[in-house]
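Q: File data.cif below, mmCIF, C-alpha atoms:
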```cif
data_run
loop_
_atom_site.label_atom_id
_atom_site.label_comp_id
_atom_site.auth_asym_id
_atom_site.auth_seq_id
_atom_site.Cartn_x
_atom_site.Cartn_y
_atom_site.Cartn_z
CA MET H 18 -17.18 13.15 19.94
CA THR H 19 -18.64 11.77 16.73
CA THR H 20 -22.02 10.16 17.30
CA ILE H 21 -22.71 6.84 15.65
CA ALA H 22 -26.37 7.32 14.83
CA PRO H 23 -28.77 7.21 11.89
CA PRO H 24 -27.42 9.67 9.31
CA PRO H 25 -29.10 12.97 8.49
CA PRO H 26 -31.07 13.13 5.24
CA ARG H 27 -28.88 12.82 2.17
CA ALA H 28 -30.16 16.19 1.02
CA ALA H 29 -27.90 17.65 3.68
CA ALA H 30 -24.98 16.41 1.65
CA TRP H 31 -21.55 17.95 1.36
CA PRO H 32 -20.00 19.79 -1.59
CA LEU H 33 -18.87 18.00 -4.71
CA VAL H 34 -15.38 18.96 -5.79
CA GLY H 35 -15.16 18.87 -9.57
CA SER H 36 -12.39 16.91 -11.30
CA GLY H 37 -10.12 14.54 -9.45
CA LEU H 38 -7.15 15.59 -11.59
CA ASP H 39 -5.82 17.88 -8.86
CA PHE H 40 -6.08 14.96 -6.46
CA LEU H 41 -3.93 12.82 -8.76
CA ARG H 42 -1.40 15.59 -9.38
CA ASP H 43 -0.67 16.46 -5.76
CA PRO H 44 -3.06 14.75 -3.32
CA VAL H 45 -1.41 16.09 -0.16
CA ARG H 46 -1.95 19.73 -1.13
CA PHE H 47 -5.31 18.97 -2.70
CA PHE H 48 -6.72 17.39 0.45
CA HIS H 49 -5.38 20.13 2.71
CA ARG H 50 -6.66 22.95 0.50
CA THR H 51 -10.10 21.39 0.08
CA TYR H 52 -10.37 20.61 3.80
CA THR H 53 -9.54 24.26 4.57
CA GLU H 54 -12.11 25.56 2.07
CA LEU H 55 -14.96 23.08 2.54
CA GLY H 56 -14.50 21.35 5.87
CA PRO H 57 -13.87 17.76 6.94
CA ILE H 58 -16.19 15.98 4.48
CA PHE H 59 -16.58 16.43 0.73
CA ARG H 60 -16.72 14.44 -2.48
CA VAL H 61 -14.28 14.15 -5.34
CA GLN H 62 -15.04 13.00 -8.87
CA LEU H 63 -12.45 10.50 -10.09
CA GLY H 64 -13.46 9.34 -13.55
CA PRO H 65 -16.92 7.76 -13.25
CA ARG H 66 -16.59 7.39 -9.47
CA GLN H 67 -17.62 9.76 -6.71
CA LEU H 68 -15.54 9.24 -3.59
CA THR H 69 -16.42 10.65 -0.19
CA VAL H 70 -13.40 12.17 1.52
CA LEU H 71 -13.15 12.43 5.30
CA ALA H 72 -10.35 14.49 6.83
CA GLY H 73 -9.07 16.29 9.91
CA PRO H 74 -8.22 15.57 13.55
CA GLU H 75 -11.60 14.02 14.36
CA LEU H 76 -11.23 11.56 11.47
CA ASN H 77 -7.81 10.49 12.77
CA ARG H 78 -9.23 9.90 16.22
CA MET H 79 -12.07 7.81 14.75
CA ALA H 80 -9.72 5.82 12.49
CA PHE H 81 -7.34 5.13 15.38
CA ARG H 82 -10.14 3.63 17.48
CA ASP H 83 -11.91 1.77 14.68
CA LYS H 84 -11.53 -2.01 14.41
CA GLY H 85 -13.42 -2.38 11.15
CA THR H 86 -16.87 -1.51 12.47
CA LEU H 87 -16.96 1.87 10.66
CA PHE H 88 -14.30 1.61 7.96
CA SER H 89 -13.91 -1.62 6.02
CA SER H 90 -10.94 -2.56 3.84
CA ARG H 91 -12.50 -5.60 2.19
CA GLU H 92 -14.27 -4.00 -0.76
CA SER H 93 -11.44 -1.52 -1.43
CA TRP H 94 -8.98 -4.39 -1.86
CA ARG H 95 -11.34 -7.01 -3.35
CA ALA H 96 -10.20 -6.54 -6.96
CA PHE H 97 -6.56 -6.74 -5.85
CA GLY H 98 -7.14 -10.15 -4.27
CA THR H 99 -9.30 -11.40 -7.14
CA GLU H 100 -6.55 -10.64 -9.63
CA LEU H 101 -4.15 -12.72 -7.54
CA GLY H 102 -6.61 -15.57 -7.02
CA VAL H 103 -7.35 -15.05 -3.32
CA SER H 104 -10.45 -13.88 -1.47
CA ARG H 105 -8.76 -12.79 1.75
CA HIS H 106 -5.38 -11.27 2.45
CA LEU H 107 -3.68 -8.93 4.91
CA SER H 108 -4.88 -5.70 3.31
CA SER H 109 -8.50 -6.78 2.87
CA GLU H 110 -9.22 -8.46 6.19
CA ASP H 111 -10.56 -6.97 9.42
CA GLY H 112 -10.96 -8.80 12.69
CA PRO H 113 -9.44 -12.14 13.81
CA VAL H 114 -8.02 -13.25 10.44
CA HIS H 115 -6.26 -9.92 10.00
CA THR H 116 -4.90 -10.10 13.55
CA LYS H 117 -3.57 -13.64 13.02
CA LEU H 118 -1.89 -12.75 9.74
CA ARG H 119 -0.22 -9.72 11.34
CA ARG H 120 0.95 -11.82 14.27
CA THR H 121 2.44 -14.40 11.90
CA MET H 122 4.31 -11.80 9.87
CA ARG H 123 5.28 -9.33 12.59
CA ALA H 124 8.78 -10.63 13.36
CA GLY H 125 9.65 -10.92 9.67
CA PHE H 126 8.85 -7.23 9.15
CA SER H 127 10.55 -5.99 12.32
CA ARG H 128 13.48 -3.60 12.66
CA ALA H 129 15.63 -6.54 13.81
CA VAL H 130 15.68 -7.85 10.23
CA ILE H 131 18.02 -5.06 9.19
CA SER H 132 19.50 -3.71 12.43
CA ARG H 133 21.29 -7.03 13.06
CA ARG H 134 22.77 -7.02 9.54
CA LEU H 135 23.77 -3.41 8.96
CA PRO H 136 26.98 -4.25 7.07
CA ARG H 137 24.96 -6.24 4.54
CA ALA H 138 22.41 -3.44 4.16
CA THR H 139 25.12 -0.83 3.57
CA ALA H 140 26.90 -3.13 1.10
CA LEU H 141 23.73 -3.42 -0.98
CA THR H 142 23.43 0.38 -1.04
CA ARG H 143 27.07 0.78 -2.10
CA ARG H 144 26.61 -1.76 -4.85
CA ALA H 145 23.84 0.36 -6.36
CA MET H 146 26.09 3.46 -6.12
CA ALA H 147 29.19 1.86 -7.61
CA GLY H 148 28.45 2.82 -11.20
CA TRP H 149 27.81 6.52 -10.56
CA THR H 150 29.81 8.89 -12.77
CA PRO H 151 30.45 12.55 -11.82
CA LYS H 152 28.08 15.09 -13.39
CA GLN H 153 25.98 12.38 -15.08
CA PRO H 154 22.25 12.30 -14.17
CA ILE H 155 21.30 9.68 -11.61
CA ASP H 156 17.68 8.53 -11.74
CA VAL H 157 16.81 8.87 -8.06
CA LEU H 158 13.78 6.58 -8.02
CA ARG H 159 15.58 3.95 -10.03
CA PHE H 160 18.40 4.00 -7.50
CA THR H 161 16.20 3.94 -4.39
CA ARG H 162 13.96 1.18 -5.78
CA GLN H 163 16.96 -0.98 -6.59
CA VAL H 164 18.38 -0.57 -3.08
CA VAL H 165 15.06 -1.12 -1.33
CA VAL H 166 14.15 -4.21 -3.34
CA ASP H 167 17.62 -5.72 -2.91
CA GLN H 168 17.49 -5.08 0.84
CA LEU H 169 13.98 -6.51 1.18
CA GLY H 170 14.91 -9.57 -0.84
CA ASP H 171 18.23 -10.25 0.80
CA LEU H 172 17.24 -9.49 4.39
CA ILE H 173 13.64 -10.71 4.55
CA VAL H 174 13.20 -13.52 2.03
CA ASP H 175 16.86 -14.45 1.49
CA ARG H 176 16.85 -13.81 -2.24
CA VAL H 177 17.74 -10.65 -4.17
CA PRO H 178 15.30 -10.41 -7.11
CA GLY H 179 18.16 -9.89 -9.56
CA PRO H 180 16.76 -10.57 -13.07
CA TYR H 181 13.23 -10.38 -11.67
CA PHE H 182 13.56 -6.71 -10.66
CA GLU H 183 11.88 -5.32 -13.78
CA ASP H 184 9.07 -7.87 -13.41
CA VAL H 185 8.46 -6.88 -9.78
CA GLU H 186 8.34 -3.22 -10.82
CA VAL H 187 5.83 -3.76 -13.66
CA TYR H 188 3.74 -6.16 -11.58
CA ILE H 189 3.35 -3.86 -8.56
CA ARG H 190 2.74 -0.65 -10.49
CA THR H 191 0.14 -2.20 -12.80
CA LEU H 192 -1.62 -4.11 -10.05
CA LEU H 193 -2.04 -1.12 -7.73
CA ASN H 194 -2.96 1.39 -10.44
CA THR H 195 -5.68 -0.88 -11.85
CA THR H 196 -7.20 -2.61 -8.82
CA VAL H 197 -6.77 -0.21 -5.87
CA LEU H 198 -6.29 3.33 -7.16
CA ARG H 199 -8.22 2.37 -10.31
CA LYS H 200 -6.40 5.08 -12.21
CA TRP H 201 -5.74 2.70 -15.11
CA PRO H 202 -8.36 0.62 -17.01
CA ARG H 203 -8.56 -3.06 -16.10
CA ALA H 204 -7.59 -3.85 -19.69
CA MET H 205 -4.00 -3.19 -18.54
CA LEU H 206 -4.17 -6.52 -16.70
CA ARG H 207 -4.50 -8.31 -20.04
CA LEU H 208 -1.39 -6.80 -21.61
CA PRO H 209 1.39 -9.32 -22.36
CA ARG H 210 3.95 -7.28 -20.45
CA TYR H 211 1.93 -7.42 -17.24
CA ARG H 212 0.92 -11.07 -17.67
CA ARG H 213 4.56 -12.03 -18.15
CA ALA H 214 5.62 -10.01 -15.11
CA LYS H 215 2.85 -11.58 -13.00
CA GLU H 216 3.95 -15.10 -13.92
CA ARG H 217 7.59 -14.24 -13.30
CA VAL H 218 6.79 -12.88 -9.83
CA ARG H 219 4.87 -16.07 -9.03
CA GLN H 220 7.89 -18.02 -10.21
CA LEU H 221 10.12 -15.96 -7.94
CA ALA H 222 7.78 -16.61 -4.99
CA ARG H 223 7.93 -20.38 -5.61
CA PHE H 224 11.73 -20.27 -5.86
CA ILE H 225 11.93 -18.40 -2.56
CA SER H 226 9.43 -20.66 -0.79
CA ASP H 227 11.05 -23.90 -1.98
CA ASP H 228 14.56 -22.66 -1.25
CA VAL H 229 13.75 -21.50 2.29
CA ALA H 230 11.78 -24.68 3.06
CA ALA H 231 14.87 -26.74 2.23
CA ARG H 232 17.08 -24.85 4.70
CA PRO H 233 17.03 -24.71 8.51
CA ARG H 234 15.73 -21.59 10.21
CA PRO H 235 18.57 -19.05 10.59
CA LEU H 236 19.85 -18.47 14.10
CA GLY H 237 19.64 -15.08 15.72
CA ARG H 238 17.38 -13.31 13.22
CA PRO H 239 13.76 -13.42 12.07
CA SER H 240 12.74 -15.37 8.98
CA LEU H 241 9.45 -14.31 7.41
CA VAL H 242 9.19 -17.27 5.03
CA HIS H 243 9.89 -19.82 7.77
CA ASP H 244 7.19 -18.15 9.89
CA LEU H 245 4.72 -18.34 6.99
CA LEU H 246 5.49 -21.97 6.25
CA ASP H 247 5.20 -22.93 9.92
CA ALA H 248 1.87 -21.08 10.24
CA ALA H 249 0.53 -22.81 7.11
CA ALA H 250 1.50 -26.20 8.57
CA GLU H 251 -0.16 -25.43 11.91
CA ASP H 252 -3.38 -23.94 10.51
CA ASP H 253 -4.48 -25.24 7.12
CA GLU H 254 -7.25 -22.61 6.96
CA LEU H 255 -5.00 -19.55 7.37
CA PHE H 256 -4.06 -19.53 3.69
CA GLU H 257 -6.93 -20.55 1.42
CA ASN H 258 -4.64 -21.77 -1.38
CA GLU H 259 -1.07 -21.71 -2.63
CA ALA H 260 -1.62 -18.31 -4.21
CA ALA H 261 -2.41 -16.82 -0.78
CA LEU H 262 0.82 -18.16 0.71
CA LEU H 263 2.92 -17.06 -2.27
CA MET H 264 1.29 -13.63 -2.08
CA CYS H 265 2.65 -13.28 1.48
CA VAL H 266 6.10 -14.45 0.35
CA THR H 267 6.31 -11.60 -2.16
CA GLY H 268 4.46 -9.25 0.21
CA PRO H 269 7.65 -7.36 1.21
CA PHE H 270 8.17 -6.27 -2.39
CA VAL H 271 4.54 -5.18 -2.88
CA ALA H 272 4.39 -3.36 0.45
CA GLY H 273 7.87 -1.85 0.43
CA MET H 274 9.14 -1.27 -3.08
CA ASP H 275 7.35 2.01 -3.79
CA THR H 276 6.64 3.13 -0.23
CA ALA H 277 10.19 2.97 1.11
CA ALA H 278 11.83 3.86 -2.21
CA ASN H 279 9.66 6.93 -2.82
CA THR H 280 10.21 8.12 0.75
CA ALA H 281 13.97 7.66 0.36
CA ALA H 282 13.80 9.83 -2.77
CA PHE H 283 11.94 12.55 -0.86
CA VAL H 284 14.54 12.40 1.95
CA LEU H 285 17.39 12.81 -0.53
CA TYR H 286 15.55 15.72 -2.13
CA ALA H 287 15.11 17.34 1.28
CA LEU H 288 18.81 17.05 2.08
CA MET H 289 19.91 18.36 -1.31
CA SER H 290 17.52 21.32 -1.05
CA GLN H 291 18.22 22.11 2.63
CA PRO H 292 21.98 22.87 3.00
CA ASP H 293 21.76 23.61 6.72
CA VAL H 294 20.05 20.29 7.42
CA LEU H 295 22.58 18.45 5.24
CA ARG H 296 25.49 19.94 7.21
CA ARG H 297 23.95 18.75 10.47
CA ILE H 298 23.35 15.26 9.06
CA ARG H 299 26.90 15.02 7.73
CA ALA H 300 28.32 16.02 11.11
CA GLU H 301 26.19 13.44 12.93
CA ASN H 302 26.94 10.80 10.31
CA ALA H 303 30.70 11.28 10.70
CA THR H 304 30.55 10.40 14.40
CA VAL H 305 28.76 7.09 13.85
CA TRP H 306 30.68 5.16 11.20
CA THR H 307 33.46 2.77 12.18
CA ASP H 308 35.84 2.62 9.22
CA ALA H 309 33.52 1.64 6.36
CA GLU H 310 30.73 0.12 8.42
CA LEU H 311 27.80 1.14 10.57
CA PRO H 312 28.12 -0.38 14.06
CA ALA H 313 25.26 -2.35 15.58
CA ASP H 314 23.99 0.62 17.60
CA ALA H 315 24.25 3.12 14.73
CA LEU H 316 20.53 3.71 14.23
CA LYS H 317 20.10 4.69 17.88
CA ARG H 318 22.90 7.24 17.55
CA MET H 319 21.45 9.16 14.61
CA PRO H 320 18.50 11.17 16.02
CA LEU H 321 18.94 13.96 13.47
CA LEU H 322 18.77 11.58 10.54
CA ARG H 323 15.74 9.89 12.06
CA ALA H 324 14.10 13.31 12.46
CA THR H 325 14.91 14.15 8.83
CA VAL H 326 13.16 10.97 7.66
CA LEU H 327 10.16 11.75 9.87
CA GLU H 328 9.93 15.29 8.50
CA ALA H 329 10.04 14.00 4.92
CA LEU H 330 7.26 11.56 5.83
CA ARG H 331 5.24 14.45 7.23
CA MET H 332 5.66 16.74 4.23
CA TRP H 333 5.43 14.04 1.53
CA PRO H 334 3.48 11.10 2.96
CA VAL H 335 3.50 8.42 0.27
CA ALA H 336 0.05 7.19 1.38
CA PRO H 337 -1.82 10.48 1.81
CA ALA H 338 -5.23 8.79 2.03
CA LEU H 339 -6.53 5.31 2.81
CA PRO H 340 -9.14 3.63 0.56
CA ARG H 341 -12.03 2.26 2.57
CA HIS H 342 -15.76 1.59 2.38
CA ALA H 343 -18.30 2.50 5.03
CA ALA H 344 -19.08 -0.68 6.99
CA THR H 345 -22.31 0.80 8.36
CA ASP H 346 -24.38 3.99 8.35
CA PHE H 347 -22.78 6.67 10.52
CA THR H 348 -22.59 10.41 10.98
CA PHE H 349 -19.45 12.48 10.50
CA ALA H 350 -19.24 16.25 10.96
CA GLY H 351 -23.03 16.47 10.84
CA HIS H 352 -23.38 14.59 7.55
CA GLY H 353 -24.64 11.11 6.87
CA VAL H 354 -22.41 8.43 5.43
CA ALA H 355 -24.23 5.38 4.07
CA ALA H 356 -23.10 1.77 4.42
CA GLY H 357 -21.17 0.69 1.34
CA GLU H 358 -20.12 4.22 0.39
CA GLU H 359 -16.65 4.44 -1.17
CA LEU H 360 -14.37 6.51 1.05
CA LEU H 361 -10.96 8.11 1.13
CA LEU H 362 -9.67 8.69 4.65
CA ALA H 363 -7.33 11.66 4.21
CA THR H 364 -5.45 10.95 7.43
CA THR H 365 -2.44 13.12 6.50
CA VAL H 366 -4.35 16.40 6.22
CA THR H 367 -3.29 16.94 9.84
CA HIS H 368 0.35 17.06 8.68
CA TYR H 369 -0.31 20.56 7.31
CA LEU H 370 -2.55 21.95 10.05
CA PRO H 371 -0.69 24.65 12.05
CA GLU H 372 -2.46 23.61 15.25
CA CYS H 373 -0.78 20.22 14.87
CA PHE H 374 2.51 21.23 13.25
CA PRO H 375 3.36 24.95 13.58
CA GLN H 376 4.68 26.48 10.34
CA PRO H 377 3.75 23.31 8.46
CA ASP H 378 5.32 24.42 5.15
CA ARG H 379 8.73 24.69 6.80
CA PHE H 380 11.08 21.69 6.73
CA ASP H 381 11.99 21.55 10.41
CA ILE H 382 13.73 18.49 11.83
CA ASP H 383 13.66 19.88 15.36
CA ARG H 384 9.93 19.15 15.61
CA TYR H 385 10.75 15.61 16.70
CA ALA H 386 13.01 16.36 19.68
CA PRO H 387 11.98 17.19 23.25
CA PRO H 388 10.29 19.31 24.37
CA ARG H 389 8.40 19.78 21.09
CA ASN H 390 7.78 16.14 20.06
CA GLU H 391 5.07 17.33 17.68
CA HIS H 392 4.67 13.88 16.13
CA GLN H 393 3.49 12.48 19.47
CA ARG H 394 0.47 14.76 19.81
CA GLY H 395 -2.67 12.68 19.50
CA ASN H 396 -2.94 10.95 16.14
CA ALA H 397 -1.93 13.88 13.94
CA PHE H 398 1.19 12.18 12.53
CA ALA H 399 0.01 9.34 10.30
CA PRO H 400 2.46 8.66 7.42
CA PHE H 401 2.16 4.88 7.89
CA GLY H 402 -1.62 4.80 8.05
CA ILE H 403 -3.58 4.57 11.26
CA GLY H 404 -5.56 2.06 13.29
CA ALA H 405 -5.69 -1.70 12.81
CA HIS H 406 -4.14 -1.56 9.33
CA ILE H 407 -1.17 0.63 10.23
CA CYS H 408 1.90 -0.40 8.21
CA LEU H 409 3.26 -3.67 9.57
CA GLY H 410 6.79 -2.83 8.44
CA GLN H 411 7.00 0.79 9.59
CA HIS H 412 9.97 0.21 11.91
CA LEU H 413 11.79 -1.83 9.27
CA ALA H 414 11.11 0.93 6.73
CA MET H 415 12.56 3.57 9.06
CA ALA H 416 15.71 1.49 9.49
CA GLN H 417 16.01 0.92 5.74
CA LEU H 418 15.63 4.60 5.00
CA MET H 419 18.22 5.60 7.58
CA VAL H 420 20.77 3.07 6.30
CA LEU H 421 20.27 4.07 2.67
CA VAL H 422 20.54 7.80 3.31
CA ALA H 423 23.42 7.48 5.78
CA THR H 424 25.41 5.48 3.21
CA VAL H 425 24.82 8.03 0.44
CA VAL H 426 25.73 10.94 2.74
CA ARG H 427 28.94 9.22 3.87
CA HIS H 428 30.25 8.41 0.41
CA ALA H 429 28.84 10.91 -2.08
CA ASP H 430 28.34 14.60 -2.69
CA VAL H 431 25.09 14.57 -4.66
CA ARG H 432 23.22 17.68 -5.77
CA LEU H 433 20.04 18.62 -7.57
CA PRO H 434 20.23 19.77 -11.19
CA GLU H 435 20.05 23.53 -11.48
CA GLY H 436 16.47 24.79 -11.55
CA PHE H 437 14.87 21.49 -10.56
CA THR H 438 11.36 21.77 -9.10
CA LEU H 439 9.67 18.92 -7.25
CA SER H 440 6.32 17.89 -8.78
CA PRO H 441 4.68 15.28 -6.51
CA ALA H 442 2.02 13.09 -8.09
CA LEU H 443 0.08 9.92 -7.33
CA ASP H 444 1.54 6.99 -9.29
CA PRO H 445 0.33 4.71 -7.72
CA ILE H 446 1.33 6.31 -4.41
CA LEU H 447 2.92 9.71 -3.86
CA THR H 448 6.05 10.01 -5.97
CA PRO H 449 8.46 12.93 -6.54
CA GLY H 450 7.31 13.02 -10.15
CA ARG H 451 8.95 12.27 -13.44
CA GLY H 452 12.44 13.38 -14.24
CA PHE H 453 13.73 13.51 -10.66
CA SER H 454 17.48 13.14 -10.97
CA MET H 455 20.58 14.12 -9.03
CA GLN H 456 24.23 14.52 -9.95
CA LEU H 457 27.36 13.21 -8.33
CA HIS H 458 29.81 16.07 -7.70
CA GLY H 459 32.47 13.91 -6.12
CA TRP H 460 33.16 11.10 -3.68
CA ARG H 461 33.49 12.09 -0.02
CA SER H 462 35.01 8.72 0.85
CA PRO H 463 35.78 5.64 -1.22
CA CYS H 464 32.70 3.69 -2.23
CA PRO H 465 33.90 0.13 -2.81
CA SER H 466 32.10 -2.02 -5.31
CA THR H 467 30.60 -5.03 -3.52
#
```
Give the structure from this file in structure tokens form.
A:
Amino acid sequence: MTTIAPPPPRAAAWPLVGSGLDFLRDPVRFFHRTYTELGPIFRVQLGPRQLTVLAGPELNRMAFRDKGTLFSSRESWRAFGTELGVSRHLSSEDGPVHTKLRRTMRAGFSRAVISRRLPRATALTRRAMAGWTPKQPIDVLRFTRQVVVDQLGDLIVDRVPGPYFEDVEVYIRTLLNTTVLRKWPRAMLRLPRYRRAKERVRQLARFISDDVAARPRPLGRPSLVHDLLDAAAEDDELFENEAALLMCVTGPFVAGMDTAANTAAFVLYALMSQPDVLRRIRAENATVWTDAELPADALKRMPLLRATVLEALRMWPVAPALPRHAATDFTFAGHGVAAGEELLLATTVTHYLPECFPQPDRFDIDRYAPPRNEHQRGNAFAPFGIGAHICLGQHLAMAQLMVLVATVVRHADVRLPEGFTLSPALDPILTPGRGFSMQLHGWRSPCPST
């Protein structure tokens, strides 16, 4: 067990890994390789910053138990909030405020949001597929982002972004790359393109908030915006200003656009590159659909597809490390970590440890079925983060991913271009890399335009 005690002398420090370029190119492999070579604690140089990386099973156990006493989110997300005009928000808070915000937003990010409206979710996917032409390149990330954003808008905040889609994309990518990852210079926040996108997203948030406030709460399904408005009326200190409330209204786009869309792209890549897995998914998929719709219990009847999504999350976790700061002095793996030190918690290193996942480089969807259930061993499986800040919408994201992929598999025969090689990179989270496209080789069943 890790001892929380005064740290050893700093002279007993850990190795410094040179450039952080390898980290940016493929962080999952970088963290695993460096952990194997150097152990569970090391430093990485990222521009002018030195970040302390913690990794391995013991880290995951610590992070699972921690309630903000060791690892703090506040400083890591301070610049993000400052840019949006707020001093506290869901990602930055630890303790009671964080708990209350999660409680307020939990129902609006639950699986029920989509599982009770599967026909609508499949229709939005089909709409994005309707313009596909055989043998023409399909930009995979463009497609998955469009579907994910439309689903999040329609199902959670009752408004598809429509003409605001490009603004949401620019806003999120610039904001995260400059304030959290800090890969881009802060001067990017002054560019007209970003400033316009930021104002447009605020405008969208006001439209959504005003529109929802004018309508009664929908029956039989959660409503995130109604929950936020009710909470603001009951507790005038929960949101410090209008910007804080509007930030939560657009939160689904910020939290889900890249995370769910990038994961969907990795799942499609896995299916196109694993013919045996694709055959099994197609066979399962065929037994579930009723005419052109997914029935209400469809997600429960697709264990193979669920396992395929989980395996993609294991091999290509879109959040391979969590930015944190040390909340206090503590000792980890025999080395001292000082309060205020900038940290990366590489919680997905365990995804590639053979003691956690045998033959970790093999795409194996049977890991997730009894008796193996490898994802249930301790805290080794952590694609959605770990501990108090674990992804609030993880169950919604799983449902979204399954609906999107099931719809593509039902209607289309899509394939990778000949000779394509996946090149994961951090931008701002793990992405399949530039130039990831697929080709339509024919329709398996009619895909109506909706």
Q: Under the PyMOL selection byres ((chain H and resi 237-241) around 9), which residues of this model are included? Write them out as number ranges by chain.
A: H: 121-127, 129-130, 133, 172-175, 234-236, 242-246, 266
Q: Tell me which protein, DNA and RNA residues are within 10 Å of Arg46 (chain H), counting all atoms listed in the file, leaving out same-chain ones fewer than 2 positions away, and put them as a PyMOL selection string.
A: chain H and resi 39-40+42-44+48-52+332-333+337+366+369+441
Q: Which neighbours of region 194-205 of chain H fall inside 10 Å, counting all atoms listed in the file, when residues of the same chain fewer than 2 positions from it are skipped, and could you give them as a VMD selection string?
A: chain H and resid 41 63 to 64 66 92 to 100 189 to 192 207 to 212 340 443 to 446
Q: What does the distance from CA of Ser226 (chain H) to CA of Leu263 (chain H) come to in Å, to one decimal?
A: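 Taking CA of Ser226 (chain H) and CA of Leu263 (chain H), their separation equals 7.6 Å.
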Q: Which residue out of H:Ala324, H:Cys265, H:Leu311, H:Met79 has the minimum interatomic distance to Asp381 (chain H) when only C-alpha atoms are used?
A: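 Smallest distance to Asp381 (chain H) is found for H:Ala324.
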Q: Which residues, named as in the file, does the PyMOL selection byres ((chain H and resi 153) around 10) pick out? Answer as a compact mmCIF listing (two decimals) with C-alpha atoms, in the coordinates of the input.
A:
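Everything below was put into out.txt:
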```
# COMPACT_ATOMS: atom_id res chain seq x y z
CA TRP H 149 27.81 6.52 -10.56
CA THR H 150 29.81 8.89 -12.77
CA PRO H 151 30.45 12.55 -11.82
CA LYS H 152 28.08 15.09 -13.39
CA PRO H 154 22.25 12.30 -14.17
CA ILE H 155 21.30 9.68 -11.61
CA ASP H 156 17.68 8.53 -11.74
CA SER H 454 17.48 13.14 -10.97
CA MET H 455 20.58 14.12 -9.03
CA GLN H 456 24.23 14.52 -9.95
CA LEU H 457 27.36 13.21 -8.33
CA HIS H 458 29.81 16.07 -7.70
```
Q: Show which residues sit within 8 Å of region 302-310 of chain H, as a list in words. Count only C-alpha atoms, and ignore same-chain residues fewer than 5 positions away.
A: Leu135, Pro136, Thr139, Ala315, Arg318, Met319, Ala423, Val426 and Arg427 of chain H
Q: Using the chain letters and numbers from this file, what does the PyMOL selection byres ((chain H and resi 429) around 9) select? Give the answer as JSON, numbers by chain.
A: {"H": [146, 424, 425, 426, 427, 428, 430, 431, 457, 458, 459, 460, 461, 462, 463, 464]}
Q: Looking at all atoms listed in the file, which of H:Gln411, H:Val177, H:Asp293, H:Leu327 is the one that sits closest to Ala277 (chain H)?
A: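 Going through H:Gln411, H:Val177, H:Asp293, H:Leu327 one by one, the smallest distance to Ala277 (chain H) is for H:Gln411.
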Q: Give me, please, the distance in Å between CA of Pro269 (chain H) and CA of Ile407 (chain H), quoted to one decimal.
A: 14.9 Å
Q: State, in Å with one decimal place, the distance from CA of Ser89 (chain H) to CA of Leu193 (chain H).
A: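 Interatomic distance, CA of Ser89 (chain H) to CA of Leu193 (chain H): 18.2 Å.
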Q: H:Thr86, H:Arg176, H:Leu433, H:Tyr181: which is nearest Val229 (chain H), counting only C-alpha atoms?
A: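 Checking each candidate against Val229 (chain H), we get H:Arg176 as the closest.
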Q: With all atoms listed in the file as the basis for distance, which of H:Leu55, H:Leu322, H:Leu421, H:Leu362 is at the shortest distance from Leu295 (chain H)?
A: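 So, comparing all the options, the nearest one is H:Leu322.
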Q: Of the candidates H:Tyr188, H:Ala222, H:Leu169, H:Ser108, which shows the shortest atom-to-atom distance to Leu206 (chain H), using only C-alpha atoms?
A: H:Tyr188
Q: Using only C-alpha atoms, can you tell me which of H:Met415, H:Val187, H:Ala399, H:Ala336 comes closest to Arg323 (chain H)?
A: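 That would be H:Met415, the residue with the smallest distance to Arg323 (chain H).
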Q: Could you give me, as a compact mmCIF listing (two decimals) with C-alpha atoms, keeping the file's coordinate frame, the residues within 8 Å of region 115-119 of chain H, counting all atoms listed in the file and dropping anything in the same chain fewer than 6 positions from it?
A:
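And here is the file that came out, part-v3.txt:
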```txt
# COMPACT_ATOMS: atom_id res chain seq x y z
CA HIS H 106 -5.38 -11.27 2.45
CA LEU H 107 -3.68 -8.93 4.91
CA LEU H 255 -5.00 -19.55 7.37
CA LEU H 409 3.26 -3.67 9.57
```
Q: Give me the residues near Ala363 (chain H) as a ChimeraX atom specification, where near means some atom within 8 Å (using only C-alpha atoms) and where sequence neighbours in that chain fewer than 5 positions away do not count.
A: /H:48,70-73,337-339
Q: I'd like the box whose edges run along x, y and z of the file and which contains every listed atom of region 240-246 of chain H, padded by 3 Å per side; could you state its centre and edge lengths in Å, one decimal, as JSON?
A:
```
{"center_x": 8.7, "center_y": -18.1, "center_z": 7.5, "size_x": 14.0, "size_y": 13.7, "size_z": 10.9}
```
